[in-house]
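*Asks:* My file is query.pdb. It has PDB, C-alpha atoms:
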```pdb
MODEL        1
ATOM      1  CA  GLY A1142     -19.597  56.385  24.771
ATOM      2  CA  LEU A1143     -17.174  56.937  21.905
ATOM      3  CA  LYS A1144     -14.156  57.411  24.135
ATOM      4  CA  GLY A1145     -14.881  54.200  26.057
ATOM      5  CA  GLY A1146     -15.296  52.355  22.733
ATOM      6  CA  SER A1147     -11.987  53.568  21.359
ATOM      7  CA  VAL A1148     -10.171  52.677  24.609
ATOM      8  CA  ALA A1149     -11.684  49.172  24.429
ATOM      9  CA  MET A1150     -10.609  48.884  20.767
ATOM     10  CA  ALA A1151      -7.076  50.033  21.640
ATOM     11  CA  GLY A1152      -6.945  47.451  24.434
ATOM     12  CA  LEU A1153      -8.118  44.721  22.078
ATOM     13  CA  PHE A1154      -5.548  45.798  19.447
ATOM     14  CA  GLU A1155      -2.774  45.702  22.055
ATOM     15  CA  ARG A1156      -3.783  42.214  23.205
ATOM     16  CA  MET A1157      -3.779  40.978  19.599
ATOM     17  CA  VAL A1158      -0.327  42.452  18.912
ATOM     18  CA  LEU A1159       0.984  40.862  22.128
ATOM     19  CA  LEU A1160      -0.042  37.442  20.813
ATOM     20  CA  VAL A1161       2.601  37.970  18.115
ATOM     21  CA  LEU A1162       5.214  40.296  19.657
ATOM     22  CA  PRO A1163       6.671  40.948  23.120
ATOM     23  CA  HIS A1164       5.588  44.071  25.023
ATOM     24  CA  HIS A1165       8.732  46.128  24.311
ATOM     25  CA  CYS A1166       8.129  45.704  20.556
ATOM     26  CA  TYR A1167       4.494  46.810  20.953
ATOM     27  CA  GLU A1168       5.805  50.001  22.608
ATOM     28  CA  GLU A1169       8.499  50.587  19.947
ATOM     29  CA  PHE A1170       5.959  50.230  17.122
ATOM     30  CA  PHE A1171       2.738  51.716  18.508
ATOM     31  CA  VAL A1172       3.800  54.054  21.332
ATOM     32  CA  HIS A1173       7.073  55.495  19.928
ATOM     33  CA  PHE A1174       6.117  54.777  16.272
ATOM     34  CA  ASN A1175       9.623  53.443  15.735
ATOM     35  CA  PHE A1176       8.711  51.066  12.897
ATOM     36  CA  PHE A1177      12.331  50.497  11.894
ATOM     37  CA  HIS A1178      13.498  49.139  15.249
ATOM     38  CA  ALA A1179      15.920  46.442  13.994
ATOM     39  CA  ASP A1180      15.303  43.626  16.482
ATOM     40  CA  CYS A1181      11.545  44.056  16.577
ATOM     41  CA  SER A1182      11.287  44.313  12.788
ATOM     42  CA  LYS A1183      13.262  41.088  12.385
ATOM     43  CA  LEU A1184      11.085  39.427  14.995
ATOM     44  CA  LEU A1185       7.920  40.613  13.218
ATOM     45  CA  ILE A1186       9.192  39.203   9.880
ATOM     46  CA  SER A1187      10.130  35.954  11.628
ATOM     47  CA  ARG A1188       6.705  35.620  13.279
ATOM     48  CA  GLY A1189       4.990  36.427   9.968
ATOM     49  CA  LEU A1190       7.056  33.820   8.099
ATOM     50  CA  GLY A1191       6.503  31.279  10.875
ATOM     51  CA  PHE A1192       2.756  31.860  10.758
ATOM     52  CA  GLY A1193       2.802  31.540   6.942
ATOM     53  CA  VAL A1194       4.758  28.283   7.078
ATOM     54  CA  VAL A1195       2.440  26.772   9.709
ATOM     55  CA  VAL A1196      -0.728  27.791   7.824
ATOM     56  CA  GLY A1197       0.767  26.619   4.502
ATOM     57  CA  SER A1198       1.715  23.285   6.067
ATOM     58  CA  ILE A1199      -1.887  22.482   6.958
ATOM     59  CA  LEU A1200      -2.501  21.545   3.325
ATOM     60  CA  VAL A1201       1.052  21.114   1.966
ATOM     61  CA  LYS A1202       0.654  17.392   1.191
ATOM     62  CA  LEU A1203      -2.877  17.730  -0.194
ATOM     63  CA  PRO A1204      -1.732  18.266  -3.827
ATOM     64  CA  GLN A1205       0.284  15.041  -3.504
ATOM     65  CA  MET A1206      -2.715  13.123  -2.125
ATOM     66  CA  ILE A1207      -4.978  14.417  -4.910
ATOM     67  CA  LYS A1208      -2.382  13.471  -7.522
ATOM     68  CA  ILE A1209      -2.205   9.888  -6.172
ATOM     69  CA  VAL A1210      -6.010   9.517  -6.039
ATOM     70  CA  ASN A1211      -6.469  10.920  -9.563
ATOM     71  CA  ALA A1212      -3.769   8.643 -10.985
ATOM     72  CA  GLY A1213      -4.923   5.665  -8.887
ATOM     73  CA  SER A1214      -1.201   4.991  -8.537
ATOM     74  CA  VAL A1215       1.890   5.756  -6.456
ATOM     75  CA  LYS A1216       4.194   5.288  -9.462
ATOM     76  CA  GLY A1217       7.525   7.109  -9.177
ATOM     77  CA  LEU A1218       7.039   7.782  -5.450
ATOM     78  CA  SER A1219       9.397   6.395  -2.832
ATOM     79  CA  LEU A1220       7.795   4.728   0.220
ATOM     80  CA  MET A1221      11.148   4.988   1.990
ATOM     81  CA  SER A1222      11.144   8.728   1.352
ATOM     82  CA  PHE A1223       7.668   9.082   2.926
ATOM     83  CA  LEU A1224       8.561   6.934   5.958
ATOM     84  CA  LEU A1225      11.827   8.737   6.633
ATOM     85  CA  GLU A1226      10.190  12.154   6.303
ATOM     86  CA  LEU A1227       7.504  11.005   8.753
ATOM     87  CA  MET A1228      10.159   9.912  11.273
ATOM     88  CA  SER A1229      11.995  13.192  10.852
ATOM     89  CA  VAL A1230       8.990  15.522  11.338
ATOM     90  CA  THR A1231       7.750  13.408  14.268
ATOM     91  CA  PHE A1232      11.105  13.648  16.075
ATOM     92  CA  THR A1233      11.236  17.399  15.379
ATOM     93  CA  MET A1234       7.702  17.925  16.702
ATOM     94  CA  THR A1235       8.272  15.962  19.922
ATOM     95  CA  TYR A1236      11.670  17.621  20.581
ATOM     96  CA  ASN A1237      10.115  21.077  20.228
ATOM     97  CA  ILE A1238       7.163  20.158  22.468
ATOM     98  CA  ALA A1239       9.566  18.920  25.164
ATOM     99  CA  ASN A1240      11.640  22.133  24.946
ATOM    100  CA  GLU A1241       8.465  24.254  25.026
ATOM    101  CA  TYR A1242       9.609  26.279  22.009
ATOM    102  CA  PRO A1243       6.930  28.631  20.591
ATOM    103  CA  PHE A1244       4.398  26.789  18.369
ATOM    104  CA  GLY A1245       5.001  29.345  15.600
ATOM    105  CA  THR A1246       8.562  28.022  15.185
ATOM    106  CA  TRP A1247       7.648  24.346  14.736
ATOM    107  CA  GLY A1248       3.887  24.037  14.214
ATOM    108  CA  GLU A1249       4.224  22.808  10.656
ATOM    109  CA  SER A1250       5.868  19.577  11.833
ATOM    110  CA  PHE A1251       2.614  18.752  13.675
ATOM    111  CA  PHE A1252       0.460  19.189  10.542
ATOM    112  CA  ILE A1253       3.021  17.612   8.198
ATOM    113  CA  SER A1254       3.388  14.511  10.397
ATOM    114  CA  ILE A1255      -0.372  13.853  10.210
ATOM    115  CA  GLN A1256      -0.328  14.239   6.413
ATOM    116  CA  CYS A1257       2.821  12.105   6.002
ATOM    117  CA  ALA A1258       1.184   9.326   8.020
ATOM    118  CA  ILE A1259      -1.885   9.488   5.730
ATOM    119  CA  LEU A1260       0.405   9.375   2.659
ATOM    120  CA  VAL A1261       2.145   6.221   3.939
ATOM    121  CA  ALA A1262      -1.251   4.582   4.547
ATOM    122  CA  MET A1263      -2.317   5.615   1.013
ATOM    123  CA  TYR A1264       0.897   4.154  -0.409
ATOM    124  CA  PHE A1265       0.156   0.771   1.234
ATOM    125  CA  TYR A1266      -3.432   0.937  -0.035
ATOM    126  CA  TYR A1267      -2.466   1.674  -3.652
ATOM    127  CA  VAL A1268       0.117  -1.118  -3.797
ATOM    128  CA  GLY A1269      -2.570  -3.528  -2.562
ATOM    129  CA  ASN A1270      -1.415  -3.900   1.064
ATOM    130  CA  HIS A1271      -4.789  -3.123   2.658
ATOM    131  CA  LEU A1272      -3.881  -4.550   6.070
ATOM    132  CA  GLY A1273      -0.806  -2.299   6.230
ATOM    133  CA  ALA A1274      -2.969   0.669   5.230
ATOM    134  CA  ALA A1275      -5.466  -0.066   8.040
ATOM    135  CA  LEU A1276      -2.906  -0.733  10.784
ATOM    136  CA  PHE A1277      -0.386   1.987  10.004
ATOM    137  CA  LEU A1278      -2.246   5.046  11.374
ATOM    138  CA  PRO A1279      -3.156   3.628  14.831
ATOM    139  CA  ILE A1280       0.381   2.244  15.311
ATOM    140  CA  TYR A1281       1.946   5.561  14.288
ATOM    141  CA  GLY A1282      -0.442   7.489  16.568
ATOM    142  CA  ALA A1283       0.584   5.376  19.562
ATOM    143  CA  ILE A1284       4.317   5.924  18.895
ATOM    144  CA  ALA A1285       3.884   9.702  18.425
ATOM    145  CA  TYR A1286       1.903   9.860  21.697
ATOM    146  CA  LEU A1287       4.632   8.012  23.606
ATOM    147  CA  LEU A1288       7.288  10.416  22.296
ATOM    148  CA  GLY A1289       5.310  13.626  22.796
ATOM    149  CA  SER A1290       3.484  13.118  26.080
ATOM    150  CA  GLY A1291       6.395  13.366  28.527
ATOM    151  CA  PHE A1292       7.070   9.622  28.885
ATOM    152  CA  THR A1293      10.238   9.845  26.811
ATOM    153  CA  PRO A1294      13.348  11.321  28.533
ATOM    154  CA  MET A1295      14.751  14.565  27.123
ATOM    155  CA  VAL A1296      18.125  12.984  26.312
ATOM    156  CA  VAL A1297      16.374  10.463  24.042
ATOM    157  CA  LEU A1298      14.403  13.234  22.284
ATOM    158  CA  THR A1299      17.599  15.260  21.772
ATOM    159  CA  ASN A1300      19.335  12.274  20.188
ATOM    160  CA  LEU A1301      16.302  11.610  17.991
ATOM    161  CA  GLN A1302      16.325  15.275  16.893
ATOM    162  CA  ALA A1303      20.020  14.902  15.957
ATOM    163  CA  THR A1304      19.119  11.894  13.775
ATOM    164  CA  THR A1305      16.571  13.976  11.819
ATOM    165  CA  ILE A1306      19.423  15.625   9.904
ATOM    166  CA  PRO A1307      20.682  12.438   8.170
ATOM    167  CA  ILE A1308      17.128  10.965   8.092
ATOM    168  CA  MET A1309      15.664  13.961   6.254
ATOM    169  CA  ALA A1310      18.661  14.024   3.908
ATOM    170  CA  ILE A1311      18.347  10.306   3.093
ATOM    171  CA  SER A1312      14.575  10.708   2.618
ATOM    172  CA  LYS A1313      15.116  13.420  -0.005
ATOM    173  CA  ILE A1314      17.973  11.497  -1.642
ATOM    174  CA  PHE A1315      15.655   8.468  -2.105
ATOM    175  CA  GLN A1316      13.200  10.671  -4.021
ATOM    176  CA  ILE A1317      15.953  12.510  -5.951
ATOM    177  CA  SER A1318      17.484   9.204  -7.091
ATOM    178  CA  ALA A1319      14.047   7.716  -7.957
ATOM    179  CA  ASN A1320      13.451  10.765 -10.187
ATOM    180  CA  TYR A1321      16.892  10.446 -11.776
ATOM    181  CA  LYS A1322      16.526   6.697 -12.364
ATOM    182  CA  ASN A1323      13.015   7.074 -13.847
ATOM    183  CA  GLY A1324      14.008  10.086 -15.964
ATOM    184  CA  ASN A1325      10.879  11.861 -14.688
ATOM    185  CA  THR A1326       9.288  12.990 -11.435
ATOM    186  CA  GLY A1327       6.362  10.509 -11.649
ATOM    187  CA  GLN A1328       3.455  11.442  -9.377
ATOM    188  CA  LEU A1329       5.612  13.871  -7.341
ATOM    189  CA  SER A1330       3.654  17.091  -6.805
ATOM    190  CA  ALA A1331       5.301  20.319  -8.009
ATOM    191  CA  ILE A1332       3.168  22.489  -5.690
ATOM    192  CA  MET A1333       4.210  20.443  -2.654
ATOM    193  CA  THR A1334       7.887  20.512  -3.650
ATOM    194  CA  PHE A1335       7.995  24.309  -3.995
ATOM    195  CA  LEU A1336       6.019  24.816  -0.764
ATOM    196  CA  ASN A1337       8.542  22.563   1.017
ATOM    197  CA  LEU A1338      11.416  24.661  -0.329
ATOM    198  CA  PHE A1339       9.787  27.928   0.762
ATOM    199  CA  GLY A1340       9.036  26.415   4.177
ATOM    200  CA  THR A1341      12.547  25.194   4.937
ATOM    201  CA  LEU A1342      14.164  28.446   3.704
ATOM    202  CA  SER A1343      11.803  30.476   5.922
ATOM    203  CA  ARG A1344      12.638  28.232   8.856
ATOM    204  CA  ILE A1345      16.359  29.043   8.586
ATOM    205  CA  PHE A1346      15.446  32.686   9.270
ATOM    206  CA  THR A1347      12.904  32.004  12.064
ATOM    207  CA  THR A1348      15.264  29.554  13.806
ATOM    208  CA  LEU A1349      18.110  32.092  13.785
ATOM    209  CA  GLN A1350      15.770  34.809  15.081
ATOM    210  CA  GLU A1351      13.820  32.988  17.737
ATOM    211  CA  VAL A1352      15.308  29.658  18.765
ATOM    212  CA  GLY A1353      19.033  29.689  18.018
ATOM    213  CA  ASP A1354      19.129  25.898  18.409
ATOM    214  CA  SER A1355      21.986  24.743  16.158
ATOM    215  CA  LEU A1356      20.585  21.186  15.873
ATOM    216  CA  ILE A1357      17.382  22.572  14.363
ATOM    217  CA  LEU A1358      19.280  25.080  12.211
ATOM    218  CA  ILE A1359      21.527  22.460  10.581
ATOM    219  CA  ALA A1360      18.437  20.346   9.827
ATOM    220  CA  PHE A1361      16.738  23.212   7.964
ATOM    221  CA  VAL A1362      19.873  24.238   6.033
ATOM    222  CA  SER A1363      20.442  20.688   4.732
ATOM    223  CA  SER A1364      16.714  20.221   3.966
ATOM    224  CA  SER A1365      16.676  23.463   1.985
ATOM    225  CA  ALA A1366      19.608  22.364  -0.169
ATOM    226  CA  LEU A1367      17.947  19.029  -1.018
ATOM    227  CA  ASN A1368      14.506  20.620  -1.542
ATOM    228  CA  ALA A1369      16.205  22.953  -4.039
ATOM    229  CA  ILE A1370      17.513  19.904  -5.981
ATOM    230  CA  LEU A1371      13.993  18.377  -6.039
ATOM    231  CA  ALA A1372      12.566  21.690  -7.257
ATOM    232  CA  PHE A1373      15.239  21.782  -9.982
ATOM    233  CA  GLN A1374      14.293  18.225 -11.050
ATOM    234  CA  ILE A1375      10.601  19.188 -11.265
ATOM    235  CA  ILE A1376      11.524  22.003 -13.679
ATOM    236  CA  TYR A1377      14.106  19.911 -15.572
ATOM    237  CA  TYR A1378      11.715  16.988 -16.170
ATOM    238  CA  TRP A1379       8.643  19.229 -16.622
ATOM    239  CA  ASN A1380       7.768  18.081 -20.163
ATOM    240  CA  VAL A1381       8.552  14.384 -19.721
ATOM    241  CA  LYS A1382       5.461  12.148 -20.029
ATOM    242  CA  VAL A1383       4.985   9.539 -17.279
ATOM    243  CA  VAL A1384       4.247   6.077 -18.674
ATOM    244  CA  ASP A1385       2.488   3.730 -16.236
ATOM    245  CA  ASP A1386       3.785   0.191 -16.890
ATOM    246  CA  ASP A1387       0.885  -1.422 -15.008
ATOM    247  CA  LYS A1388      -1.670   0.070 -17.380
ATOM    248  CA  GLU A1389       0.149  -1.243 -20.440
ATOM    249  CA  LYS A1390       0.150  -4.899 -19.393
TER
ENDMDL
END
```
Hey, can you dump this file as structure tokens for me?

*Replies:*
Amino acid sequence: GLKGGSVAMAGLFERMVLLVLPHHCYEEFFVHFNFFHADCSKLLISRGLGFGVVVGSILVKLPQMIKIVNAGSVKGLSLMSFLLELMSVTFTMTYNIANEYPFGTWGESFFISIQCAILVAMYFYYVGNHLGAALFLPIYGAIAYLLGSGFTPMVVLTNLQATTIPIMAISKIFQISANYKNGNTGQLSAIMTFLNLFGTLSRIFTTLQEVGDSLILIAFVSSSALNAILAFQIIYYWNVKVVDDDKEK
């Protein structure tokens, strides 16, 4: 009765822990009660951060989408920035899939790529290019499938991953310079910008802990630096009113 129930519960608990941690860490924590085991503690923090980043990424672009819909405008946003970010997260996702790295270390690029693709389609729609808006998603889907489904050789995916470092940097620089030129951050979402910064900083830690791939590490370090500049601009231009030229004509 009771004993059988508690054994079943313990078994279930162990299986759940093993989804997150390797067996030796389960033993350190729950057999030896060694909660301060350095490697396992770092791994636990890394897995927790990774999980947080992936879950947070599911809706990270939603504040931006809502802001565009409410304003009925993409004023102050850079299409080039959206497209380059989409390329970058798509290359990262397909490189990680090909290397079979754990989903917890790259899962956000899957969710962010879907949202970036929707944002590009929205951009086309709000500047009046309805054909571009309709065609963009199916074309993007086909390209992402070709890259991620094993058709594309590993050497190509590795080179594409290497290009994500300058691509992501240029993407952020487009938005940083648009903000500087406009003297405000337009329809750029503060929530999204700060979530991006938290995400890339967390990824530096999880990459060091679990992947150790220097290509991926350099990408996250440079992204974090540029995300920090965008976050600074959001605060710096916080009280500046955005004037929409189109509405004044």

*Asks:* At what distance in Å, to one decimal, does atom CA of Ala1303 of chain A lie from atom CA of Met1228 of chain A?

*Replies:*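 Pair atom CA of Met1228 of chain A / atom CA of Ala1303 of chain A returns 12.0 Å.
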
*Asks:* Under the rule of at most 10 Å, produce a per-residue listing of segment 1149-1241 of chain A near segment 1313-1333 of chain A: chain, number, name, the closest pair of atoms, and the distance in Å, as a tab-separated table, using all atoms listed in the file.

*Replies:*
```
residue	atom	partner	partner_atom	distance
A:Ser1198	CA	A:Met1333	CA	9.5
A:Leu1200	CA	A:Met1333	CA	9.1
A:Val1201	CA	A:Met1333	CA	5.6
A:Lys1202	CA	A:Met1333	CA	6.1
A:Leu1203	CA	A:Met1333	CA	8.0
A:Pro1204	CA	A:Ser1330	CA	6.3
A:Gln1205	CA	A:Ser1330	CA	5.1
A:Met1206	CA	A:Ser1330	CA	8.8
A:Ile1207	CA	A:Ser1330	CA	9.2
A:Lys1208	CA	A:Gln1328	CA	6.5
A:Ile1209	CA	A:Gln1328	CA	6.7
A:Asn1211	CA	A:Gln1328	CA	9.9
A:Ala1212	CA	A:Gln1328	CA	7.9
A:Ser1214	CA	A:Gln1328	CA	8.0
A:Val1215	CA	A:Gln1328	CA	6.6
A:Lys1216	CA	A:Gly1327	CA	6.1
A:Gly1217	CA	A:Gly1327	CA	4.4
A:Leu1218	CA	A:Gln1328	CA	6.5
A:Ser1219	CA	A:Gln1316	CA	5.8
A:Leu1220	CA	A:Phe1315	CA	9.0
A:Met1221	CA	A:Phe1315	CA	7.0
A:Ser1222	CA	A:Phe1315	CA	5.7
A:Phe1223	CA	A:Gln1316	CA	9.0
A:Leu1225	CA	A:Lys1313	CA	8.8
A:Glu1226	CA	A:Lys1313	CA	8.1
```

*Asks:* Write out as a PDB file with C-alpha atoms, in the coordinates of the input which residues come within 7 Å of segment 1350-1367 of chain A when counting only C-alpha atoms, dropping same-chain ones fewer than 3 positions away.

*Replies:*
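Once written, result_2.pdb looks like this:
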```pdb
ATOM      1  CA  LEU A1184      11.085  39.427  14.995  1.00  0.00           C
ATOM      2  CA  SER A1187      10.130  35.954  11.628  1.00  0.00           C
ATOM      3  CA  ALA A1303      20.020  14.902  15.957  1.00  0.00           C
ATOM      4  CA  THR A1305      16.571  13.976  11.819  1.00  0.00           C
ATOM      5  CA  ILE A1306      19.423  15.625   9.904  1.00  0.00           C
ATOM      6  CA  MET A1309      15.664  13.961   6.254  1.00  0.00           C
ATOM      7  CA  ALA A1310      18.661  14.024   3.908  1.00  0.00           C
ATOM      8  CA  LYS A1313      15.116  13.420  -0.005  1.00  0.00           C
ATOM      9  CA  LEU A1338      11.416  24.661  -0.329  1.00  0.00           C
ATOM     10  CA  THR A1341      12.547  25.194   4.937  1.00  0.00           C
ATOM     11  CA  LEU A1342      14.164  28.446   3.704  1.00  0.00           C
ATOM     12  CA  ARG A1344      12.638  28.232   8.856  1.00  0.00           C
ATOM     13  CA  ILE A1345      16.359  29.043   8.586  1.00  0.00           C
ATOM     14  CA  PHE A1346      15.446  32.686   9.270  1.00  0.00           C
ATOM     15  CA  THR A1347      12.904  32.004  12.064  1.00  0.00           C
ATOM     16  CA  ILE A1370      17.513  19.904  -5.981  1.00  0.00           C
ATOM     17  CA  LEU A1371      13.993  18.377  -6.039  1.00  0.00           C
TER      18      LEU A1371
END
```

*Asks:* Would you please work out which residue, of A:Thr1246, A:Phe1373, A:His1164, A:Ala1262, is nearest to Gly1189 of chain A when using all atoms listed in the file?

*Replies:*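 For Gly1189 of chain A, the nearest of the given residues is A:Thr1246.
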
*Asks:* Kindly resolve the PyMOL selection byres ((chain A and resi 1249) around 9) on the present coordinates and return the residues as a PyMOL selection string.

*Replies:* chain A and resi 1191+1194-1199+1230+1234+1244-1248+1250-1254+1340

*Asks:* Record the distance separating atom CA of Glu1155 of chain A and atom CA of Arg1188 of chain A, expressed in Å with one decimal.

*Replies:*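 So the answer is 16.4 Å.
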
*Asks:* Tell me, in Å to one decimal, how far atom CA of Gly1282 of chain A is from atom CA of Thr1231 of chain A.

*Replies:*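 Calculated distance between atom CA of Gly1282 of chain A and atom CA of Thr1231 of chain A is 10.4 Å.
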
*Asks:* Write out as a PDB file with C-alpha atoms, keeping the file's coordinate frame each polymer residue whose atoms come within 6 Å of Gln1302 of chain A, counting all atoms listed in the file; drop sequence neighbours fewer than 2 positions from it.

*Replies:*
```pdb
ATOM      1  CA  PHE A1232      11.105  13.648  16.075  1.00  0.00           C
ATOM      2  CA  THR A1233      11.236  17.399  15.379  1.00  0.00           C
ATOM      3  CA  THR A1299      17.599  15.260  21.772  1.00  0.00           C
ATOM      4  CA  ASN A1300      19.335  12.274  20.188  1.00  0.00           C
ATOM      5  CA  THR A1304      19.119  11.894  13.775  1.00  0.00           C
ATOM      6  CA  THR A1305      16.571  13.976  11.819  1.00  0.00           C
TER       7      THR A1305
END
```

*Asks:* Check the smallest atom-to-atom distance from each of A:Met1150, A:Val1210, A:Met1157, A:Ile1284 to Tyr1266 of chain A using all atoms listed in the file, then report the winner.

*Replies:* A:Val1210

*Asks:* Using all atoms listed in the file, which residue out of A:Ile1255, A:Val1297, A:Ile1186, A:Ala1151 lies closest to Val1172 of chain A?

*Replies:*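 Closest to Val1172 of chain A of all the choices is A:Ala1151.
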
*Asks:* Of the candidates A:Ile1375, A:Ser1343, A:Leu1288, A:Val1261, which one gets nearest to Leu1276 of chain A if we count all atoms listed in the file?

*Replies:*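 The closest residue to Leu1276 of chain A is A:Val1261.
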
*Asks:* Out of A:Val1268, A:Gly1213, A:Ile1376, A:Gly1291, which residue has the shortest atom-to-atom distance to Asn1240 of chain A when counting all atoms listed in the file?

*Replies:* A:Gly1291

*Asks:* Would you translate the PyMOL selection byres ((chain A and resi 1289) around 8) into the concrete set of residues it matches in this file, as a PyMOL selection string?

*Replies:* chain A and resi 1234-1236+1238-1239+1285-1288+1290-1293
